[in-house]
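Asker: input-v8.cif is reproduced below (mmCIF, C-alpha atoms).
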data_protein
#
loop_
_atom_site.label_atom_id
_atom_site.label_comp_id
_atom_site.auth_asym_id
_atom_site.auth_seq_id
_atom_site.Cartn_x
_atom_site.Cartn_y
_atom_site.Cartn_z
CA MET F 11 -10.76 -0.14 -4.54
CA GLN F 12 -8.52 0.20 -1.49
CA SER F 13 -5.23 -1.53 -0.82
CA ASP F 14 -4.77 -4.21 1.85
CA ASN F 15 -2.98 -2.08 4.44
CA ASP F 16 -5.68 0.60 4.37
CA LEU F 17 -8.27 -2.11 4.89
CA LEU F 18 -6.48 -3.36 8.02
CA PHE F 19 -6.99 -0.07 9.87
CA GLU F 20 -10.52 0.25 8.55
CA THR F 21 -11.25 -3.26 9.86
CA LEU F 22 -9.77 -2.35 13.26
CA GLN F 23 -12.02 0.70 13.44
CA GLN F 24 -15.06 -1.37 12.49
CA TRP F 25 -14.29 -3.95 15.18
CA ARG F 26 -13.89 -1.27 17.83
CA SER F 27 -17.02 0.65 16.89
CA ALA F 28 -18.94 -2.64 17.02
CA GLY F 29 -17.73 -2.95 20.63
CA LYS F 30 -15.29 -5.81 19.98
CA SER F 31 -11.89 -5.99 21.67
CA ALA F 32 -8.93 -5.91 19.31
CA ALA F 33 -5.15 -6.06 19.31
CA LEU F 34 -2.50 -5.04 16.80
CA ALA F 35 0.69 -7.06 16.24
CA THR F 36 3.72 -5.50 14.51
CA VAL F 37 7.02 -7.01 13.36
CA VAL F 38 9.60 -4.80 15.13
CA SER F 39 12.84 -6.59 14.30
CA THR F 40 14.02 -9.37 12.01
CA TRP F 41 17.21 -11.37 11.56
CA GLY F 42 18.01 -13.73 8.72
CA SER F 43 15.44 -14.79 6.17
CA SER F 44 12.24 -13.81 7.92
CA PRO F 45 9.40 -13.61 5.44
CA ARG F 46 7.74 -10.30 6.40
CA PRO F 47 9.58 -6.99 6.84
CA GLU F 48 9.64 -4.72 9.90
CA GLY F 49 6.38 -2.83 10.24
CA SER F 50 4.19 -5.70 8.98
CA HIS F 51 0.90 -5.82 10.85
CA LEU F 52 -1.59 -8.45 11.97
CA ALA F 53 -4.86 -7.25 13.53
CA VAL F 54 -6.88 -9.64 15.70
CA ASP F 55 -10.35 -9.39 17.25
CA GLU F 56 -11.63 -11.04 20.44
CA ALA F 57 -12.97 -14.05 18.52
CA GLY F 58 -9.60 -14.67 16.88
CA HIS F 59 -10.55 -13.29 13.45
CA PHE F 60 -7.49 -11.72 11.89
CA VAL F 61 -6.31 -9.63 8.93
CA GLY F 62 -2.75 -9.06 7.70
CA SER F 63 0.32 -11.17 8.53
CA VAL F 64 3.57 -11.15 10.50
CA SER F 65 5.12 -14.23 8.87
CA GLY F 66 4.48 -16.67 6.09
CA GLY F 67 1.91 -18.32 8.34
CA CYS F 68 4.31 -20.10 10.72
CA ILE F 69 3.74 -17.99 13.86
CA GLU F 70 0.31 -16.46 13.28
CA GLY F 71 -1.38 -18.96 15.61
CA ALA F 72 0.91 -18.10 18.51
CA VAL F 73 0.58 -14.36 17.86
CA ILE F 74 -3.23 -14.65 17.86
CA ASP F 75 -3.10 -16.47 21.22
CA ALA F 76 -0.88 -13.72 22.65
CA ALA F 77 -3.19 -11.06 21.17
CA ARG F 78 -6.14 -12.49 23.10
CA GLU F 79 -4.10 -12.38 26.33
CA VAL F 80 -3.19 -8.77 25.57
CA MET F 81 -6.86 -7.88 25.05
CA ALA F 82 -7.71 -9.48 28.41
CA SER F 83 -4.88 -7.85 30.38
CA GLY F 84 -4.73 -4.51 28.54
CA ARG F 85 -0.93 -4.76 28.63
CA PRO F 86 1.33 -5.08 25.54
CA GLN F 87 3.69 -8.03 25.00
CA LEU F 88 6.94 -8.37 23.10
CA LEU F 89 7.27 -11.85 21.55
CA GLU F 90 10.32 -13.45 20.01
CA PHE F 91 10.30 -16.36 17.57
CA GLY F 92 13.39 -18.19 16.45
CA ILE F 93 14.62 -20.85 14.15
CA SER F 94 12.34 -23.83 14.33
CA ASP F 95 13.94 -27.04 15.54
CA GLU F 96 13.14 -30.69 15.12
CA GLN F 97 10.30 -30.54 17.59
CA ALA F 98 7.41 -30.16 15.24
CA TRP F 99 4.99 -28.97 17.90
CA GLN F 100 7.12 -25.99 18.82
CA VAL F 101 6.20 -22.76 17.12
CA GLY F 102 9.00 -21.29 15.05
CA LEU F 103 10.01 -20.08 11.64
CA ALA F 104 10.73 -22.93 9.25
CA CYS F 105 12.76 -20.56 7.06
CA GLY F 106 15.41 -20.14 9.75
CA GLY F 107 14.87 -16.46 10.52
CA ARG F 108 14.15 -14.73 13.79
CA VAL F 109 11.54 -12.08 14.45
CA ARG F 110 10.31 -9.97 17.33
CA VAL F 111 6.64 -9.08 17.33
CA PHE F 112 5.09 -6.33 19.47
CA VAL F 113 1.44 -6.98 20.41
CA GLU F 114 -0.59 -4.04 21.78
CA PRO F 115 -4.20 -3.62 22.81
CA VAL F 116 -6.31 -1.28 20.68
CA GLU F 117 -8.28 1.09 22.88
CA MET M 39 -2.79 1.99 20.71
CA LYS M 40 -5.17 4.78 21.65
CA ARG M 41 -8.38 5.40 19.75
CA GLU M 42 -7.10 8.79 18.54
CA ALA M 43 -3.98 7.17 17.07
CA LEU M 44 -6.04 4.58 15.21
CA ALA M 45 -8.25 7.34 13.80
CA ARG M 46 -5.22 9.44 12.77
CA ILE M 47 -3.59 6.53 10.91
CA ALA M 48 -6.82 5.69 9.06
CA ASP M 49 -7.35 9.36 8.20
CA ALA M 50 -3.75 9.86 7.01
CA GLN M 51 -4.09 6.85 4.71
CA LYS M 52 -7.35 8.21 3.32
CA ARG M 53 -5.84 11.64 2.66
CA ARG M 54 -2.58 10.13 1.31
CA GLN M 55 -0.51 11.98 3.95
CA PRO M 56 2.58 10.31 5.46
CA LEU M 57 2.60 9.65 9.22
CA VAL M 58 5.09 7.95 11.57
CA VAL M 59 4.05 6.25 14.83
CA VAL M 60 6.84 5.78 17.38
CA THR M 61 6.22 3.12 20.06
CA ARG M 62 8.20 2.46 23.23
CA LEU M 63 8.22 -1.34 23.33
CA ALA M 64 8.64 -1.49 27.12
CA ASP M 65 5.17 -0.11 27.83
CA GLY M 66 3.43 0.74 24.53
CA ALA M 67 3.63 4.54 24.97
CA GLN M 68 3.30 6.19 21.56
CA CYS M 69 3.60 9.43 19.68
CA LEU M 70 2.46 10.39 16.20
CA VAL M 71 4.87 12.36 14.06
CA ASP M 72 4.20 14.24 10.85
CA ALA M 73 6.15 17.01 9.15
CA ALA M 74 4.74 19.70 11.43
CA THR M 75 3.45 18.10 14.64
CA VAL M 76 4.15 15.55 17.40
CA ASP M 77 1.28 14.19 19.51
CA GLY M 78 1.04 11.52 22.18
CA ASP M 79 2.23 10.34 25.58
CA LEU M 80 5.79 9.56 24.45
CA SER M 81 8.32 12.39 24.23
CA LEU M 82 11.27 12.11 21.88
CA ALA M 83 14.73 13.68 22.01
CA ALA M 84 15.50 16.06 19.13
CA GLY M 85 17.66 13.51 17.32
CA GLN M 86 15.01 10.80 17.63
CA LEU M 87 12.36 13.15 16.27
CA ALA M 88 14.58 14.07 13.31
CA GLU M 89 15.18 10.39 12.54
CA ALA M 90 11.46 9.61 12.75
CA ARG M 91 10.69 12.54 10.42
CA GLY M 92 13.19 11.09 7.94
CA PHE M 93 10.96 8.01 7.71
CA LEU M 94 8.07 10.19 6.47
CA ALA M 95 9.87 10.51 3.16
CA SER M 96 11.62 7.14 2.96
CA GLY M 97 8.61 5.08 4.10
CA ARG M 98 10.99 2.96 6.15
CA SER M 99 9.92 1.29 9.39
CA ALA M 100 12.68 0.40 11.89
CA ALA M 101 13.98 0.79 15.43
CA LEU M 102 15.32 4.30 16.04
CA ALA M 103 19.11 4.28 16.14
CA GLY M 104 20.74 4.96 19.46
CA ALA M 105 17.45 4.69 21.30
CA ASP M 106 16.59 1.73 23.43
CA GLY M 107 13.38 0.01 22.43
CA LEU M 108 11.80 2.72 20.27
CA PHE M 109 10.20 1.41 17.08
CA ALA M 110 9.08 3.77 14.31
CA ARG M 111 6.39 2.62 11.89
CA ALA M 112 5.97 4.75 8.77
CA TYR M 113 2.59 4.92 7.07
CA VAL M 114 3.08 6.34 3.60
CA PRO M 115 0.52 6.59 0.79
CA ALA M 116 -0.25 3.28 -0.91
CA PRO M 117 0.83 3.23 -4.55
CA ARG M 118 -2.09 4.34 -6.67
CA LEU M 119 -3.18 3.15 -10.09
CA LEU M 120 -5.30 5.41 -12.30
CA VAL M 121 -6.96 3.49 -15.14
CA ILE M 122 -8.22 5.52 -18.12
CA GLY M 123 -11.00 3.58 -19.85
CA ALA M 124 -13.47 1.27 -18.08
CA VAL M 125 -12.82 -1.45 -20.65
CA HIS M 126 -12.65 -5.24 -20.36
CA ILE M 127 -8.93 -5.27 -19.43
CA ALA M 128 -9.67 -2.70 -16.71
CA GLN M 129 -12.28 -5.04 -15.22
CA ALA M 130 -9.55 -7.65 -14.73
CA LEU M 131 -6.79 -5.19 -13.76
CA ALA M 132 -8.64 -3.26 -11.03
CA PRO M 133 -9.12 -6.14 -8.54
CA MET M 134 -5.67 -7.61 -9.29
CA ALA M 135 -3.96 -4.28 -8.60
CA ALA M 136 -5.96 -3.79 -5.40
CA ALA M 137 -4.86 -7.23 -4.21
CA ALA M 138 -1.25 -6.21 -4.94
CA GLY M 139 -1.60 -3.19 -2.63
CA PHE M 140 -2.63 -0.40 -5.03
CA ASP M 141 -5.42 2.11 -4.52
CA VAL M 142 -7.24 1.84 -7.85
CA ILE M 143 -9.45 4.45 -9.55
CA VAL M 144 -11.06 3.77 -12.93
CA ILE M 145 -11.84 6.91 -14.93
CA ASP M 146 -14.29 6.96 -17.85
CA PRO M 147 -16.99 9.55 -18.59
CA ARG M 148 -19.04 6.98 -20.53
CA GLY M 149 -21.61 5.80 -18.01
CA ALA M 150 -22.31 2.55 -19.82
CA PHE M 151 -18.66 1.52 -19.33
CA ALA M 152 -17.93 2.83 -15.84
CA SER M 153 -20.89 1.19 -14.12
CA PRO M 154 -20.83 -0.37 -10.64
CA GLN M 155 -22.26 -3.56 -12.18
CA ARG M 156 -19.17 -3.91 -14.34
CA PHE M 157 -16.79 -2.81 -11.53
CA PRO M 158 -18.14 -4.05 -8.20
CA GLY M 159 -16.28 -2.47 -5.25
CA VAL M 160 -14.04 -0.36 -7.50
CA GLN M 161 -13.77 3.42 -7.14
CA LEU M 162 -15.12 4.93 -10.37
CA SER M 163 -14.94 8.44 -11.75
CA ASP M 164 -17.27 9.63 -14.52
CA GLU M 165 -15.26 12.80 -15.05
CA TRP M 166 -13.26 13.50 -18.19
CA PRO M 167 -9.72 12.26 -17.59
CA ASP M 168 -8.13 15.73 -17.48
CA GLU M 169 -10.65 16.89 -14.86
CA ALA M 170 -10.18 13.73 -12.80
CA LEU M 171 -6.38 13.92 -12.88
CA GLU M 172 -6.37 17.57 -11.84
CA ARG M 173 -8.61 16.76 -8.91
CA LEU M 174 -6.69 13.64 -7.83
CA GLY M 175 -3.17 15.05 -8.19
CA LEU M 176 -0.30 13.07 -9.67
CA ASP M 177 2.36 12.21 -7.08
CA GLU M 178 5.41 9.95 -7.36
CA ALA M 179 3.44 7.04 -5.87
CA THR M 180 1.01 7.12 -8.80
CA ALA M 181 0.90 4.97 -11.96
CA LEU M 182 -1.38 5.64 -14.92
CA VAL M 183 -2.50 3.31 -17.68
CA ALA M 184 -4.40 4.54 -20.76
CA LEU M 185 -6.55 1.64 -21.93
CA SER M 186 -9.55 3.27 -23.62
CA HIS M 187 -8.35 3.02 -27.26
CA ASP M 188 -10.04 6.40 -27.69
CA PRO M 189 -7.72 9.40 -28.23
CA LYS M 190 -10.41 11.70 -26.82
CA LEU M 191 -9.91 9.99 -23.44
CA ASP M 192 -6.33 8.71 -23.55
CA ASP M 193 -4.61 11.78 -25.01
CA PRO M 194 -5.72 14.39 -22.45
CA ALA M 195 -4.68 11.99 -19.65
CA LEU M 196 -1.24 11.40 -21.20
CA GLU M 197 -0.74 15.12 -21.82
CA LEU M 198 -1.22 15.79 -18.10
CA ALA M 199 0.68 12.70 -16.94
CA LEU M 200 3.84 13.09 -19.04
CA PRO M 201 5.16 16.24 -17.29
CA GLY M 202 4.09 14.84 -13.86
CA LYS M 203 5.96 12.90 -11.20
CA LEU M 204 4.19 9.54 -11.77
CA PHE M 205 6.46 6.51 -11.51
CA TYR M 206 4.81 4.67 -14.40
CA ILE M 207 2.85 5.64 -17.53
CA GLY M 208 1.59 2.97 -19.92
CA ALA M 209 -0.63 3.08 -23.00
CA LEU M 210 -2.42 0.21 -24.70
CA GLY M 211 -2.38 -0.09 -28.46
CA SER M 212 -0.64 -1.63 -31.44
CA ARG M 213 2.67 -0.22 -32.67
CA ARG M 214 0.75 1.60 -35.42
CA THR M 215 -1.73 3.09 -32.93
CA HIS M 216 1.16 4.14 -30.73
CA GLU M 217 3.03 5.79 -33.64
CA LYS M 218 -0.05 7.92 -34.35
CA ARG M 219 -0.34 8.73 -30.64
CA LEU M 220 3.30 9.84 -30.54
CA GLU M 221 2.69 12.13 -33.53
CA ARG M 222 -0.21 13.79 -31.73
CA LEU M 223 1.79 14.19 -28.50
CA ARG M 224 4.74 15.67 -30.42
CA ALA M 225 2.35 18.13 -32.03
CA ALA M 226 1.21 19.04 -28.52
CA GLY M 227 4.81 19.91 -27.63
CA LEU M 228 5.48 16.83 -25.49
CA GLY M 229 7.92 15.11 -27.85
CA GLU M 230 10.78 15.01 -25.36
CA LEU M 231 8.69 13.25 -22.75
CA THR M 232 7.05 10.54 -24.88
CA GLY M 233 9.88 8.11 -24.06
CA ARG M 234 8.31 7.77 -20.62
CA ILE M 235 5.32 5.89 -22.06
CA HIS M 236 5.49 2.11 -21.80
CA SER M 237 4.10 0.85 -25.09
CA PRO M 238 3.50 -1.89 -26.05
CA ILE M 239 2.17 -1.96 -22.52
CA GLY M 240 3.08 -4.76 -20.09
CA LEU M 241 5.72 -7.48 -19.87
CA ASP M 242 5.69 -9.82 -22.84
CA LEU M 243 4.16 -12.93 -21.27
CA GLY M 244 2.46 -14.10 -24.45
CA GLY M 245 -1.08 -13.99 -23.04
CA ARG M 246 -3.99 -12.63 -25.08
CA SER M 247 -7.10 -12.62 -22.88
CA PRO M 248 -8.06 -9.46 -20.95
CA ALA M 249 -7.04 -11.06 -17.64
CA GLU M 250 -3.70 -12.25 -19.05
CA ILE M 251 -2.96 -8.78 -20.40
CA ALA M 252 -3.89 -7.34 -16.98
CA VAL M 253 -1.26 -9.63 -15.38
CA SER M 254 1.34 -8.35 -17.89
CA ILE M 255 0.51 -4.73 -17.14
CA LEU M 256 0.54 -5.19 -13.35
CA ALA M 257 3.82 -7.15 -13.53
CA GLU M 258 5.44 -4.32 -15.48
CA ILE M 259 4.18 -1.67 -13.03
CA ILE M 260 5.61 -3.64 -10.08
CA GLN M 261 8.92 -4.14 -11.91
CA VAL M 262 9.24 -0.42 -12.63
CA ARG M 263 8.29 0.43 -9.05
CA TYR M 264 11.11 -1.64 -7.53
CA ARG M 265 13.71 -1.75 -10.29
CA GLY M 266 13.05 1.39 -12.26
CA GLY M 267 12.17 -0.65 -15.33
CA ARG M 268 15.42 -2.62 -15.48
CA ALA M 269 14.70 -6.34 -15.66
#
Could you render the structure as structure tokens?
Answerer:
Amino acid sequence: MQSDNDLLFETLQQWRSAGKSAALATVVSTWGSSPRPEGSHLAVDEAGHFVGSVSGGCIEGAVIDAAREVMASGRPQLLEFGISDEQAWQVGLACGGRVRVFVEPVE
Amino acid sequence: MKREALARIADAQKRRQPLVVVTRLADGAQCLVDAATVDGDLSLAAGQLAEARGFLASGRSAALAGADGLFARAYVPAPRLLVIGAVHIAQALAPMAAAAGFDVIVIDPRGAFASPQRFPGVQLSDEWPDEALERLGLDEATALVALSHDPKLDDPALELALPGKLFYIGALGSRRTHEKRLERLRAAGLGELTGRIHSPIGLDLGGRSPAEIAVSILAEIIQVRYRGGRA
């Protein structure tokens, strides 16, 4: 039985060999009490299916949206998420940390 | 990420070889670094390469110091759990450990125990434990639990594991069973190493069912991995 992280790259390979577009998101820096460490991955396919995580669930939706843009444009994006404020509709980290997430297309 | 890079990462994980991928965040250019080679469309200065190679051993992922916008992601072997004895507790432990990030292999030469029906999706070996361990290799990312209750299976595994680099060794059995096991291991010349065996196995959570005991065992393995056994 294989561990989670191995399965993420296997899933990416399966998506690509099935002809689906895919993107890979990676936590590249953190400040404060961000829930997932640097190097954490989230893989996304063109339909928005995803495996892995880059936060405790607070920013995944926004990262998936960015991942679909990245698949369309073929160009990577560097996203930054900060402390969430009173505006409930704004995406942010409820725990008060800050993270930067790099999103790249998977060829 | 290029197709070749994706294939190299997947392959390195399969072969339990460390690999570091360095990415320039401005444009996504990457190179793949292992102990001997550097490949890719990103070239690194000597100091940056040395720092990235340091992550092969530490497993750390971080921005490279003194470099603007270079992020190094280390892929190191997942911790591995070798389970001797395809018993009821093993049926509970294997999927729990996989969910916690371990590569799990259950070893038992008795076909009636180590059957895919009893262990769906779990990697099984029907070799004798000493043969399996010699083939698999015992690195410092490996834990071993002897659960078979049968000295013919547990003892040869422990005799190979005790002098090895494994970060955790545990053996199931009552205090009386363990005393007898220690006598046999002393007779085999391993007396000085028997203190490495966690027995009674697992944290004392008070549970009695196979699944509850599996939680105790996995909790102890995780504790030893991060805290070296100190609570």
Asker: For the PyMOL selection byres ((chain F and resi 85) around 9), applied here, can you spell out every residue it catches as a count of residues only?
Answerer: 13
Asker: Can you tell me which residues surround F:Arg78 at a distance of at most 9 Å, considering all atoms listed in the file, apart from same-chain residues fewer than 3 positions away, and format the answer as a PDB file with C-alpha atoms, in the coordinates of the input?
Answerer:
ATOM      1  CA  SER F  31     -11.890  -5.990  21.670  1.00  0.00           C
ATOM      2  CA  ALA F  32      -8.930  -5.910  19.310  1.00  0.00           C
ATOM      3  CA  ALA F  33      -5.150  -6.060  19.310  1.00  0.00           C
ATOM      4  CA  VAL F  54      -6.880  -9.640  15.700  1.00  0.00           C
ATOM      5  CA  ASP F  55     -10.350  -9.390  17.250  1.00  0.00           C
ATOM      6  CA  GLU F  56     -11.630 -11.040  20.440  1.00  0.00           C
ATOM      7  CA  ALA F  57     -12.970 -14.050  18.520  1.00  0.00           C
ATOM      8  CA  GLY F  58      -9.600 -14.670  16.880  1.00  0.00           C
ATOM      9  CA  VAL F  73       0.580 -14.360  17.860  1.00  0.00           C
ATOM     10  CA  ILE F  74      -3.230 -14.650  17.860  1.00  0.00           C
ATOM     11  CA  ASP F  75      -3.100 -16.470  21.220  1.00  0.00           C
ATOM     12  CA  MET F  81      -6.860  -7.880  25.050  1.00  0.00           C
ATOM     13  CA  ALA F  82      -7.710  -9.480  28.410  1.00  0.00           C
ATOM     14  CA  SER F  83      -4.880  -7.850  30.380  1.00  0.00           C
TER      15      SER F  83
END
Asker: Counting only C-alpha atoms, which residues sit no farther than 7 Å from the position (10.3, -15.0, 5.2) in the file's frame? I'd like them as a ChimeraX atom specification.
Answerer: /F:43-46,65-66,105
Asker: Would you mind listing what lies within 10 Å of F:Gly62 as JSON, numbers by chain, with all atoms listed in the file counted and same-chain residues fewer than 2 positions away left out?
Answerer: {"F": [14, 15, 17, 18, 34, 35, 50, 51, 52, 53, 54, 60, 64, 65, 70]}
Asker: What residues in chain M have any atom no more than 9 Å from chain F when counting all atoms listed in the file, and can you write them as a count of residues only?
Answerer: 40
Asker: Evaluate the PyMOL selection byres ((chain F and resi 108) around 6) here and jot the selected residues down as a list in words.
Answerer: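 Checked against the file, the PyMOL selection byres ((chain F and resi 108) around 6) matches Thr40, Trp41, Phe91, Gly92, Gly107 and Val109 of chain F.
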Asker: Applied to the shown file, which residues does the PyMOL selection byres ((chain M and resi 169) around 12) return, written as a VMD selection string?
Answerer: chain M and resid 145 to 147 163 to 168 170 to 175 191 194 to 195 198
Asker: Return the padded bounding box of stretch 141-153 of chain M as JSON: axis-aligned, built from all atoms listed in the file, 8 Å added on each side, with centre and edge lengths in Å to one decimal.
Answerer:
{"center_x": -13.9, "center_y": 5.4, "center_z": -12.5, "size_x": 32.9, "size_y": 24.4, "size_z": 32.0}
Asker: For the atom pair atom CA of M:Asp193 and atom CA of M:Phe157, what is the interatomic distance in Å to one decimal place?
Answerer: 23.3 Å
Asker: Place N, CA and C atoms on stretch 53-80 of chain F and deliver the coordinates as a tab-separated table (two decimals), in the frame of the given file.
Answerer:
chain	number	residue	atom	x	y	z
F	53	ALA	N	-3.84	-7.74	12.60
F	53	ALA	CA	-4.86	-7.25	13.53
F	53	ALA	C	-5.76	-8.43	13.90
F	54	VAL	N	-6.13	-8.49	15.18
F	54	VAL	CA	-6.88	-9.64	15.70
F	54	VAL	C	-8.07	-9.12	16.52
F	55	ASP	N	-9.23	-9.76	16.37
F	55	ASP	CA	-10.35	-9.39	17.25
F	55	ASP	C	-10.53	-10.45	18.35
F	56	GLU	N	-11.49	-10.20	19.24
F	56	GLU	CA	-11.63	-11.04	20.44
F	56	GLU	C	-11.99	-12.49	20.09
F	57	ALA	N	-12.59	-12.69	18.92
F	57	ALA	CA	-12.97	-14.05	18.52
F	57	ALA	C	-11.84	-14.76	17.78
F	58	GLY	N	-10.73	-14.05	17.59
F	58	GLY	CA	-9.60	-14.67	16.88
F	58	GLY	C	-9.64	-14.46	15.38
F	59	HIS	N	-10.60	-13.67	14.87
F	59	HIS	CA	-10.55	-13.29	13.45
F	59	HIS	C	-9.33	-12.40	13.24
F	60	PHE	N	-8.67	-12.54	12.10
F	60	PHE	CA	-7.49	-11.72	11.89
F	60	PHE	C	-7.35	-11.28	10.44
F	61	VAL	N	-6.67	-10.13	10.26
F	61	VAL	CA	-6.31	-9.63	8.93
F	61	VAL	C	-4.84	-9.26	8.95
F	62	GLY	N	-4.17	-9.38	7.81
F	62	GLY	CA	-2.75	-9.06	7.70
F	62	GLY	C	-1.90	-10.27	8.04
F	63	SER	N	-0.58	-10.06	8.20
F	63	SER	CA	0.32	-11.17	8.53
F	63	SER	C	1.63	-10.65	9.11
F	64	VAL	N	2.25	-11.48	9.96
F	64	VAL	CA	3.57	-11.15	10.50
F	64	VAL	C	4.61	-12.19	10.11
F	65	SER	N	4.18	-13.21	9.34
F	65	SER	CA	5.12	-14.23	8.87
F	65	SER	C	4.46	-14.90	7.68
F	66	GLY	N	5.09	-15.93	7.18
F	66	GLY	CA	4.48	-16.67	6.09
F	66	GLY	C	3.40	-17.62	6.56
F	67	GLY	N	2.96	-17.47	7.81
F	67	GLY	CA	1.91	-18.32	8.34
F	67	GLY	C	2.41	-19.21	9.47
F	68	CYS	N	3.74	-19.19	9.73
F	68	CYS	CA	4.31	-20.10	10.72
F	68	CYS	C	3.97	-19.71	12.16
F	69	ILE	N	3.89	-18.40	12.45
F	69	ILE	CA	3.74	-17.99	13.86
F	69	ILE	C	2.42	-17.30	14.13
F	70	GLU	N	1.57	-17.19	13.11
F	70	GLU	CA	0.31	-16.46	13.28
F	70	GLU	C	-0.51	-17.03	14.44
F	71	GLY	N	-0.57	-18.36	14.55
F	71	GLY	CA	-1.38	-18.96	15.61
F	71	GLY	C	-0.94	-18.51	16.98
F	72	ALA	N	0.38	-18.50	17.21
F	72	ALA	CA	0.91	-18.10	18.51
F	72	ALA	C	0.68	-16.62	18.77
F	73	VAL	N	0.78	-15.80	17.71
F	73	VAL	CA	0.58	-14.36	17.86
F	73	VAL	C	-0.89	-14.08	18.19
F	74	ILE	N	-1.79	-14.83	17.58
F	74	ILE	CA	-3.23	-14.65	17.86
F	74	ILE	C	-3.53	-15.02	19.32
F	75	ASP	N	-2.92	-16.11	19.81
F	75	ASP	CA	-3.10	-16.47	21.22
F	75	ASP	C	-2.62	-15.35	22.13
F	76	ALA	N	-1.43	-14.81	21.83
F	76	ALA	CA	-0.88	-13.72	22.65
F	76	ALA	C	-1.78	-12.49	22.56
F	77	ALA	N	-2.33	-12.24	21.36
F	77	ALA	CA	-3.19	-11.06	21.17
F	77	ALA	C	-4.42	-11.15	22.08
F	78	ARG	N	-4.95	-12.36	22.24
F	78	ARG	CA	-6.14	-12.49	23.10
F	78	ARG	C	-5.78	-12.28	24.57
F	79	GLU	N	-4.56	-12.69	24.97
F	79	GLU	CA	-4.10	-12.38	26.33
F	79	GLU	C	-3.96	-10.87	26.52
F	80	VAL	N	-3.41	-10.22	25.50
F	80	VAL	CA	-3.19	-8.77	25.57
F	80	VAL	C	-4.52	-8.03	25.69
